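Trainee: Next up, input13.cif (mmCIF, C-alpha atoms).
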```
data_upload
#
loop_
_atom_site.label_atom_id
_atom_site.label_comp_id
_atom_site.auth_asym_id
_atom_site.auth_seq_id
_atom_site.Cartn_x
_atom_site.Cartn_y
_atom_site.Cartn_z
CA MET A 1 -13.35 163.09 -95.64
CA ARG A 2 -11.61 159.80 -95.01
CA ARG A 3 -9.32 158.75 -92.26
CA TYR A 4 -5.85 157.62 -93.21
CA GLU A 5 -2.66 156.75 -91.48
CA THR A 6 0.70 157.12 -93.13
CA ILE A 7 4.02 155.77 -91.96
CA PHE A 8 7.14 156.89 -93.75
CA ILE A 9 10.76 156.00 -93.27
CA LEU A 10 13.48 158.59 -93.68
CA ARG A 11 17.18 158.05 -94.19
CA PRO A 12 19.06 157.56 -90.90
CA ASN A 13 21.62 160.21 -91.80
CA ALA A 14 18.96 162.86 -92.46
CA GLY A 15 19.42 165.85 -90.20
CA GLU A 16 16.86 167.35 -87.83
CA ASP A 17 16.10 170.10 -90.35
CA GLU A 18 15.45 167.67 -93.19
CA ILE A 19 13.14 165.56 -91.03
CA ASN A 20 11.20 168.65 -89.95
CA LYS A 21 11.00 169.83 -93.54
CA VAL A 22 9.38 166.59 -94.73
CA VAL A 23 7.00 166.53 -91.77
CA GLU A 24 6.01 170.15 -92.33
CA SER A 25 5.43 169.72 -96.05
CA THR A 26 3.13 166.71 -95.43
CA THR A 27 1.28 168.68 -92.76
CA GLN A 28 0.90 171.58 -95.16
CA ILE A 29 -0.51 169.36 -97.92
CA ILE A 30 -3.10 167.86 -95.57
CA LEU A 31 -4.14 171.29 -94.28
CA ASN A 32 -4.33 172.73 -97.80
CA GLU A 33 -6.87 170.05 -98.71
CA ASP A 34 -9.02 170.99 -95.69
CA GLY A 35 -7.87 167.96 -93.75
CA THR A 36 -7.17 167.64 -90.05
CA ILE A 37 -4.14 166.09 -88.44
CA LEU A 38 -5.12 163.80 -85.61
CA GLU A 39 -1.71 162.58 -84.61
CA MET A 40 1.81 163.27 -85.79
CA ASN A 41 4.35 161.12 -84.05
CA LYS A 42 8.07 160.74 -84.64
CA TRP A 43 8.91 157.18 -83.68
CA GLY A 44 12.57 157.81 -84.24
CA MET A 45 15.34 155.49 -85.32
CA LYS A 46 14.39 151.85 -85.75
CA LYS A 47 16.05 148.82 -87.20
CA LEU A 48 14.56 147.75 -90.52
CA ALA A 49 13.60 144.12 -91.07
CA TYR A 50 15.37 144.19 -94.42
CA LEU A 51 17.62 146.58 -96.31
CA ILE A 52 15.92 149.47 -98.09
CA LYS A 53 18.13 151.37 -100.50
CA LYS A 54 21.12 149.79 -98.75
CA GLU A 55 20.11 151.23 -95.37
CA SER A 56 19.59 148.99 -92.35
CA LEU A 57 18.27 151.73 -90.07
CA GLY A 58 15.43 154.13 -90.64
CA TYR A 59 13.75 157.11 -89.02
CA TYR A 60 10.04 156.31 -88.69
CA VAL A 61 7.36 158.99 -88.69
CA TYR A 62 3.72 158.13 -88.09
CA CYS A 63 0.85 160.39 -89.10
CA ASP A 64 -2.86 159.85 -88.47
CA TYR A 65 -5.15 162.28 -90.30
CA ALA A 66 -8.49 162.96 -91.88
CA GLY A 67 -8.14 164.00 -95.47
CA THR A 68 -9.12 163.62 -99.08
CA PRO A 69 -7.80 161.11 -101.59
CA ALA A 70 -6.23 164.02 -103.49
CA ALA A 71 -4.12 164.87 -100.44
CA VAL A 72 -2.86 161.30 -100.24
CA ALA A 73 -1.94 161.29 -103.91
CA GLU A 74 -0.03 164.55 -103.49
CA ILE A 75 1.80 163.36 -100.36
CA GLU A 76 2.85 160.15 -102.04
CA ARG A 77 4.01 162.03 -105.15
CA LYS A 78 6.20 164.23 -102.93
CA PHE A 79 7.57 161.16 -101.14
CA ARG A 80 8.53 159.55 -104.43
CA ILE A 81 10.46 162.65 -105.42
CA ASP A 82 12.18 163.17 -102.06
CA ASP A 83 15.48 161.30 -101.77
CA ASN A 84 15.30 161.27 -97.97
CA VAL A 85 12.17 159.11 -97.92
CA LEU A 86 13.10 155.44 -98.12
CA LYS A 87 9.60 154.03 -98.02
CA TYR A 88 6.04 154.99 -97.13
CA LEU A 89 2.78 153.20 -96.43
CA THR A 90 -0.66 154.77 -96.36
CA ILE A 91 -3.59 152.83 -94.98
CA LYS A 92 -7.22 153.90 -95.00
CA THR A 93 -8.63 153.30 -91.52
CA ALA A 94 -12.12 154.70 -92.09
CA ASP A 95 -14.15 155.32 -95.24
CA SER A 96 -15.76 158.46 -93.90
CA ILE A 97 -15.16 160.64 -90.89
CA THR A 98 -17.39 163.49 -89.77
CA GLU A 99 -16.51 166.58 -87.74
CA GLU A 100 -17.86 164.83 -84.66
CA GLY A 101 -15.75 161.80 -85.43
CA ILE A 102 -12.64 163.95 -85.74
CA GLU A 103 -13.28 165.53 -82.37
CA LYS A 104 -13.89 162.14 -80.79
CA ALA A 105 -10.71 160.74 -82.30
CA LEU A 106 -8.72 163.76 -81.08
CA ALA A 107 -10.11 163.31 -77.58
CA ALA A 108 -9.27 159.60 -77.63
CA ILE A 109 -5.71 160.29 -78.77
CA SER A 110 -5.09 162.99 -76.16
CA ALA A 111 -6.52 160.70 -73.47
CA LYS A 112 -4.18 157.94 -74.62
CA GLU A 113 -1.20 160.28 -74.50
CA THR A 114 -1.93 161.51 -70.99
CA ALA A 115 -2.36 157.90 -69.86
CA LYS A 116 1.00 157.09 -71.45
CA LEU A 117 2.67 160.02 -69.70
CA ASP A 118 1.18 158.98 -66.37
CA SER A 119 2.38 155.42 -66.75
CA GLU A 120 5.84 156.65 -67.71
CA GLU A 121 5.97 158.80 -64.60
CA THR A 122 4.99 155.90 -62.38
CA ASP A 123 7.46 153.68 -64.21
CA SER A 124 10.32 156.06 -63.58
CA THR A 125 9.53 156.23 -59.86
CA TYR A 126 9.58 152.46 -59.58
CA SER A 127 12.37 151.87 -62.05
CA ASP A 128 15.06 151.71 -59.38
CA ASN A 129 13.48 148.65 -57.82
CA ASP A 130 12.30 146.98 -61.00
CA ASP A 131 15.52 147.18 -62.95
CA ILE A 132 16.78 143.76 -61.95
CA ASP A 133 13.47 142.02 -62.63
CA ASP A 134 13.13 143.61 -66.05
CA ASP A 135 16.56 142.45 -67.08
CA ASP A 136 15.69 138.89 -66.09
CA GLU A 137 12.50 138.91 -68.14
CA ASN A 138 14.28 140.27 -71.17
CA SER A 139 16.97 137.62 -71.05
CA ILE A 140 14.32 134.89 -70.90
CA GLU A 141 12.49 136.32 -73.89
CA GLU A 142 15.67 136.48 -75.90
CA ALA A 143 16.51 132.90 -75.02
CA GLU A 144 13.17 131.72 -76.35
CA MET B 1 0.48 99.24 -84.95
CA ALA B 2 2.98 101.98 -85.46
CA GLN B 3 0.27 104.56 -86.00
CA ARG B 4 -1.05 104.61 -82.45
CA PRO B 5 1.68 106.57 -80.66
CA GLN B 6 1.81 108.99 -83.57
CA LYS B 7 -1.82 109.90 -83.13
CA LYS B 8 -1.22 110.80 -79.50
CA LEU B 9 1.69 113.00 -80.47
CA PHE B 10 -0.45 115.15 -82.70
CA THR B 11 -3.41 115.70 -80.42
CA ARG B 12 -2.91 119.21 -79.20
CA ARG B 13 -5.26 121.80 -77.85
CA LYS B 14 -5.81 124.35 -80.57
CA SER B 15 -7.73 127.55 -80.04
CA CYS B 16 -7.86 130.92 -81.66
CA ARG B 17 -5.92 133.37 -79.50
CA PHE B 18 -7.84 136.35 -80.83
CA CYS B 19 -11.21 134.78 -79.99
CA GLY B 20 -10.00 133.84 -76.50
CA GLU B 21 -8.42 137.15 -75.55
CA LYS B 22 -10.85 139.87 -76.52
CA GLU B 23 -8.48 142.76 -75.79
CA LEU B 24 -5.94 141.36 -78.24
CA THR B 25 -6.47 143.10 -81.58
CA ILE B 26 -4.81 142.48 -84.91
CA ASN B 27 -2.87 145.51 -86.04
CA TYR B 28 0.04 145.72 -88.43
CA LYS B 29 1.88 148.05 -86.06
CA ASP B 30 1.77 145.54 -83.23
CA VAL B 31 4.91 143.67 -84.24
CA LYS B 32 5.25 141.77 -80.95
CA THR B 33 1.97 139.91 -81.47
CA LEU B 34 2.58 139.31 -85.16
CA ARG B 35 5.98 137.78 -84.44
CA SER B 36 4.32 134.82 -82.75
CA PHE B 37 2.38 133.99 -85.93
CA VAL B 38 5.40 134.01 -88.18
CA SER B 39 7.99 131.27 -88.46
CA GLU B 40 11.70 131.85 -87.86
CA ARG B 41 12.07 132.20 -91.58
CA GLY B 42 9.44 134.92 -91.66
CA LYS B 43 6.70 132.80 -93.20
CA ILE B 44 3.11 133.04 -92.04
CA ILE B 45 2.30 129.93 -90.00
CA PRO B 46 -0.69 128.05 -91.45
CA ARG B 47 -4.00 127.88 -89.66
CA ARG B 48 -3.84 124.12 -89.20
CA ILE B 49 -0.78 124.60 -86.98
CA VAL B 50 -1.47 127.79 -84.99
CA GLY B 51 -5.21 127.10 -84.77
CA THR B 52 -6.55 130.60 -85.36
CA CYS B 53 -10.08 130.79 -86.72
CA ALA B 54 -10.65 131.60 -90.39
CA THR B 55 -11.76 135.19 -89.76
CA HIS B 56 -8.76 136.05 -87.67
CA GLN B 57 -6.28 134.23 -89.85
CA ARG B 58 -7.47 136.34 -92.78
CA GLN B 59 -7.01 139.56 -90.81
CA LEU B 60 -3.67 138.34 -89.50
CA CYS B 61 -2.46 137.53 -92.99
CA GLU B 62 -3.31 141.04 -94.14
CA ALA B 63 -1.63 142.63 -91.11
CA ILE B 64 1.57 140.62 -91.58
CA LYS B 65 1.75 141.61 -95.23
CA GLN B 66 1.30 145.27 -94.33
CA ALA B 67 3.97 145.01 -91.64
CA ARG B 68 6.31 143.52 -94.23
CA GLN B 69 5.76 146.44 -96.57
CA ILE B 70 6.95 148.97 -94.03
CA ALA B 71 9.88 146.79 -92.85
CA PHE B 72 8.50 145.82 -89.45
CA LEU B 73 8.71 142.17 -90.45
CA PRO B 74 11.02 140.53 -92.97
CA TYR B 75 9.78 139.09 -96.25
CA SER B 76 12.22 136.25 -95.76
CA GLY B 77 15.14 135.38 -93.55
CA SER B 78 15.53 135.27 -89.80
CA THR B 79 13.45 137.62 -87.65
CA GLN B 80 16.59 138.99 -86.01
CA GLY B 81 18.16 140.03 -89.28
#
```
Go through the file and emit its structure as structure tokens.
Mentor:
Amino acid sequence: MRRYETIFILRPNAGEDEINKVVESTTQIILNEDGTILEMNKWGMKKLAYLIKKESLGYYVYCDYAGTPAAVAEIERKFRIDDNVLKYLTIKTADSITEEGIEKALAAISAKETAKLDSEETDSTYSDNDDIDDDDENSIEEAE
Amino acid sequence: MAQRPQKKLFTRRKSCRFCGEKELTINYKDVKTLRSFVSERGKIIPRRIVGTCATHQRQLCEAIKQARQIAFLPYSGSTQG
């Protein structure tokens, strides 16, 4: 078992159903090959740094999983066939991952998510006061 | 004679940011950090100018190239475009 992460970009005009279909089919392929999904995250619409198939926007989906090389080959074959997928990138993050490692990684990810949620909650409570400051910082960054 | 002031101009403190700040990691998904190691044109800034150490420049180079593949960073052109 190896650990991979895959990012793929879908067409901006793809509907909710089409996005879910692609995500589900990738999930299914990983599970069929006895893999485990560690994280499946829809990053949503983002601006692309350059045009891909004449699109300037893309819907990013990030997937972190433990799987076999065969699963990766199959996922990428499916992506190449699917018209909704503009581009994909798979990166191997670990050469081997054990059951223990998977559990550890899952725990780390869930801990990260709860921390994120907590910080978001605190952010929203303070947001009323911080709004003006944030705007100032942003304008400075843009000026640079 | 003319060389003296020039020398002063070019003496600048150079240090590897990744060696200095231990919590700063090189990752192709971290576009904000990578942006500061790429010129306005989208080129990777050479080591002699940014001052990163050889190990980190190598990792940085790899990360920028991966970010380019998935359209986080441009291959060429302005970073806004």
Trainee: To one decimal place, how far is CA of Arg58 in chain B from CA of Leu86 in chain A in Å?
Mentor: 28.6 Å
Trainee: When the PyMOL selection byres ((chain B) within 12 of (chain A)) is applied to the file above, which residues end up in the set, as an MDAnalysis selection string?
Mentor: chainID B and resid 27:29 31:32 35:36 40 42 62:63 65:81
Trainee: With only C-alpha atoms as the counted atoms, please give the residues lying no more than 8 Å from Tyr65 in chain A, apart from itself and same-chain residues fewer than 2 positions off, as a VMD selection string.
Mentor: chain A and resid 3 to 5 30 35 to 39 63 67
Trainee: Once the PyMOL selection byres ((chain A and resi 14) around 12) is applied to the coordinates I shared, what remains selected? I want it as a list in words.
Mentor: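 When the PyMOL selection byres ((chain A and resi 14) around 12) is applied to the shown file, the picked residues are Ile9, Leu10, Arg11, Pro12, Asn13, Gly15, Glu16, Asp17, Glu18, Ile19, Asn20, Lys21, Val22, Gly44, Met45, Leu57, Gly58, Tyr59, Tyr60, Asp82, Asp83, Asn84, Val85 and Leu86 of chain A.
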Trainee: So which one's closest to Glu33 in chain A, A:Arg2, A:Lys116, A:Arg77, A:Lys104? Using only C-alpha atoms, please.
Mentor: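 Closest to Glu33 in chain A, using only C-alpha atoms: A:Arg2.
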Trainee: Which one is closest to Ser25 in chain A: A:Ile102, A:Ile75, A:Ala107, A:Ala94? Count all atoms listed in the file.
Mentor: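 Checking each candidate against Ser25 in chain A, we get A:Ile75 as the closest.
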Trainee: Draw an axis-aligned box tight on the listed atoms of range 75-93 of chain A, then pad every side by 3 Å and write out centre and edge lengths in Å to one decimal as AutoDock Vina command-line options.
Mentor:
```
--center_x 3.4 --center_y 158.5 --center_z -98.5 --size_x 30.1 --size_y 17.4 --size_z 19.9
```
Trainee: Distance CA of Thr68 in chain A-CA of Met1 in chain A, one decimal place?
Mentor: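 Those two atoms sit 5.5 Å apart.
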Trainee: As an exercise, work out the distance from CA of Thr6 in chain A to CA of Leu31 in chain A in Å and give it to one decimal place.
Mentor: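 A separation of 15.0 Å between them.
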Trainee: Might you pull out every residue within 9 Å of Ile26 in chain B, with only C-alpha atoms counted and same-chain residues fewer than 6 positions away left off, and present them as a PyMOL selection string?
Mentor: chain B and resi 18+33-34+56+59-60+63
Trainee: Could you tell me which of A:Glu74, A:Asp64, A:Glu24, A:Asp34 comes closest to Ala105 in chain A if we count all atoms listed in the file?
Mentor: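 Residue with the minimum atom-to-atom distance to Ala105 in chain A: A:Asp64.
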Trainee: Could you name the residues that touch Cys16 in chain B at 6 Å or less, counting only C-alpha atoms, but leaving out those on the same chain fewer than 2 positions away, as a list of chain:residue names?
Mentor: B:Phe18, B:Cys19, B:Gly51, B:Thr52, B:Cys53
Trainee: Could you rebuild range 19-45 of chain B with N, CA and C atoms and give me the result as a PDB file, in the coordinates of the input?
Mentor:
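Saved the output as part.pdb:
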```
ATOM      1  N   CYS B  19      -9.849 134.988 -80.489  1.00  0.00           N
ATOM      2  CA  CYS B  19     -11.210 134.780 -79.990  1.00  0.00           C
ATOM      3  C   CYS B  19     -11.171 134.671 -78.465  1.00  0.00           C
ATOM      4  N   GLY B  20     -10.118 134.038 -77.945  1.00  0.00           N
ATOM      5  CA  GLY B  20     -10.000 133.840 -76.500  1.00  0.00           C
ATOM      6  C   GLY B  20      -9.756 135.140 -75.759  1.00  0.00           C
ATOM      7  N   GLU B  21      -8.764 135.904 -76.232  1.00  0.00           N
ATOM      8  CA  GLU B  21      -8.420 137.150 -75.550  1.00  0.00           C
ATOM      9  C   GLU B  21      -9.034 138.311 -76.327  1.00  0.00           C
ATOM     10  N   LYS B  22     -10.098 138.857 -75.784  1.00  0.00           N
ATOM     11  CA  LYS B  22     -10.850 139.870 -76.520  1.00  0.00           C
ATOM     12  C   LYS B  22     -10.066 141.179 -76.677  1.00  0.00           C
ATOM     13  N   GLU B  23      -9.199 141.471 -75.720  1.00  0.00           N
ATOM     14  CA  GLU B  23      -8.480 142.760 -75.790  1.00  0.00           C
ATOM     15  C   GLU B  23      -7.331 142.720 -76.802  1.00  0.00           C
ATOM     16  N   LEU B  24      -7.011 141.506 -77.259  1.00  0.00           N
ATOM     17  CA  LEU B  24      -5.940 141.360 -78.240  1.00  0.00           C
ATOM     18  C   LEU B  24      -6.478 141.673 -79.633  1.00  0.00           C
ATOM     19  N   THR B  25      -5.989 142.742 -80.247  1.00  0.00           N
ATOM     20  CA  THR B  25      -6.470 143.100 -81.580  1.00  0.00           C
ATOM     21  C   THR B  25      -5.368 142.892 -82.603  1.00  0.00           C
ATOM     22  N   ILE B  26      -5.776 142.672 -83.831  1.00  0.00           N
ATOM     23  CA  ILE B  26      -4.810 142.480 -84.910  1.00  0.00           C
ATOM     24  C   ILE B  26      -4.507 143.825 -85.531  1.00  0.00           C
ATOM     25  N   ASN B  27      -3.264 144.238 -85.456  1.00  0.00           N
ATOM     26  CA  ASN B  27      -2.870 145.510 -86.040  1.00  0.00           C
ATOM     27  C   ASN B  27      -1.471 145.345 -86.614  1.00  0.00           C
ATOM     28  N   TYR B  28      -1.257 145.911 -87.795  1.00  0.00           N
ATOM     29  CA  TYR B  28       0.040 145.720 -88.430  1.00  0.00           C
ATOM     30  C   TYR B  28       1.180 146.413 -87.699  1.00  0.00           C
ATOM     31  N   LYS B  29       0.837 147.356 -86.797  1.00  0.00           N
ATOM     32  CA  LYS B  29       1.880 148.050 -86.060  1.00  0.00           C
ATOM     33  C   LYS B  29       2.315 147.294 -84.806  1.00  0.00           C
ATOM     34  N   ASP B  30       1.503 146.301 -84.441  1.00  0.00           N
ATOM     35  CA  ASP B  30       1.770 145.540 -83.230  1.00  0.00           C
ATOM     36  C   ASP B  30       2.695 144.361 -83.575  1.00  0.00           C
ATOM     37  N   VAL B  31       3.968 144.665 -83.723  1.00  0.00           N
ATOM     38  CA  VAL B  31       4.910 143.670 -84.240  1.00  0.00           C
ATOM     39  C   VAL B  31       5.077 142.506 -83.263  1.00  0.00           C
ATOM     40  N   LYS B  32       5.023 142.811 -81.974  1.00  0.00           N
ATOM     41  CA  LYS B  32       5.250 141.770 -80.950  1.00  0.00           C
ATOM     42  C   LYS B  32       4.272 140.617 -81.110  1.00  0.00           C
ATOM     43  N   THR B  33       2.997 140.944 -81.313  1.00  0.00           N
ATOM     44  CA  THR B  33       1.970 139.910 -81.470  1.00  0.00           C
ATOM     45  C   THR B  33       2.168 139.169 -82.788  1.00  0.00           C
ATOM     46  N   LEU B  34       2.451 139.923 -83.842  1.00  0.00           N
ATOM     47  CA  LEU B  34       2.580 139.310 -85.160  1.00  0.00           C
ATOM     48  C   LEU B  34       3.746 138.325 -85.199  1.00  0.00           C
ATOM     49  N   ARG B  35       4.797 138.649 -84.469  1.00  0.00           N
ATOM     50  CA  ARG B  35       5.980 137.780 -84.440  1.00  0.00           C
ATOM     51  C   ARG B  35       5.638 136.337 -84.091  1.00  0.00           C
ATOM     52  N   SER B  36       4.646 136.166 -83.199  1.00  0.00           N
ATOM     53  CA  SER B  36       4.320 134.820 -82.750  1.00  0.00           C
ATOM     54  C   SER B  36       3.520 134.037 -83.794  1.00  0.00           C
ATOM     55  N   PHE B  37       3.120 134.691 -84.884  1.00  0.00           N
ATOM     56  CA  PHE B  37       2.380 133.990 -85.930  1.00  0.00           C
ATOM     57  C   PHE B  37       3.192 133.863 -87.208  1.00  0.00           C
ATOM     58  N   VAL B  38       4.493 134.063 -87.043  1.00  0.00           N
ATOM     59  CA  VAL B  38       5.400 134.010 -88.180  1.00  0.00           C
ATOM     60  C   VAL B  38       6.520 133.055 -87.814  1.00  0.00           C
ATOM     61  N   SER B  39       6.933 132.225 -88.758  1.00  0.00           N
ATOM     62  CA  SER B  39       7.990 131.270 -88.460  1.00  0.00           C
ATOM     63  C   SER B  39       9.334 131.988 -88.365  1.00  0.00           C
ATOM     64  N   GLU B  40      10.363 131.251 -87.972  1.00  0.00           N
ATOM     65  CA  GLU B  40      11.700 131.850 -87.860  1.00  0.00           C
ATOM     66  C   GLU B  40      12.168 132.418 -89.185  1.00  0.00           C
ATOM     67  N   ARG B  41      11.696 131.773 -90.234  1.00  0.00           N
ATOM     68  CA  ARG B  41      12.070 132.200 -91.580  1.00  0.00           C
ATOM     69  C   ARG B  41      11.259 133.400 -92.059  1.00  0.00           C
ATOM     70  N   GLY B  42      10.276 133.787 -91.272  1.00  0.00           N
ATOM     71  CA  GLY B  42       9.440 134.920 -91.660  1.00  0.00           C
ATOM     72  C   GLY B  42       8.194 134.539 -92.411  1.00  0.00           C
ATOM     73  N   LYS B  43       7.912 133.231 -92.489  1.00  0.00           N
ATOM     74  CA  LYS B  43       6.700 132.800 -93.200  1.00  0.00           C
ATOM     75  C   LYS B  43       5.504 132.847 -92.257  1.00  0.00           C
ATOM     76  N   ILE B  44       4.344 133.071 -92.821  1.00  0.00           N
ATOM     77  CA  ILE B  44       3.110 133.040 -92.040  1.00  0.00           C
ATOM     78  C   ILE B  44       2.812 131.584 -91.693  1.00  0.00           C
ATOM     79  N   ILE B  45       2.570 131.314 -90.422  1.00  0.00           N
ATOM     80  CA  ILE B  45       2.300 129.930 -90.000  1.00  0.00           C
ATOM     81  C   ILE B  45       0.864 129.570 -90.353  1.00  0.00           C
TER      82      ILE B  45
END
```
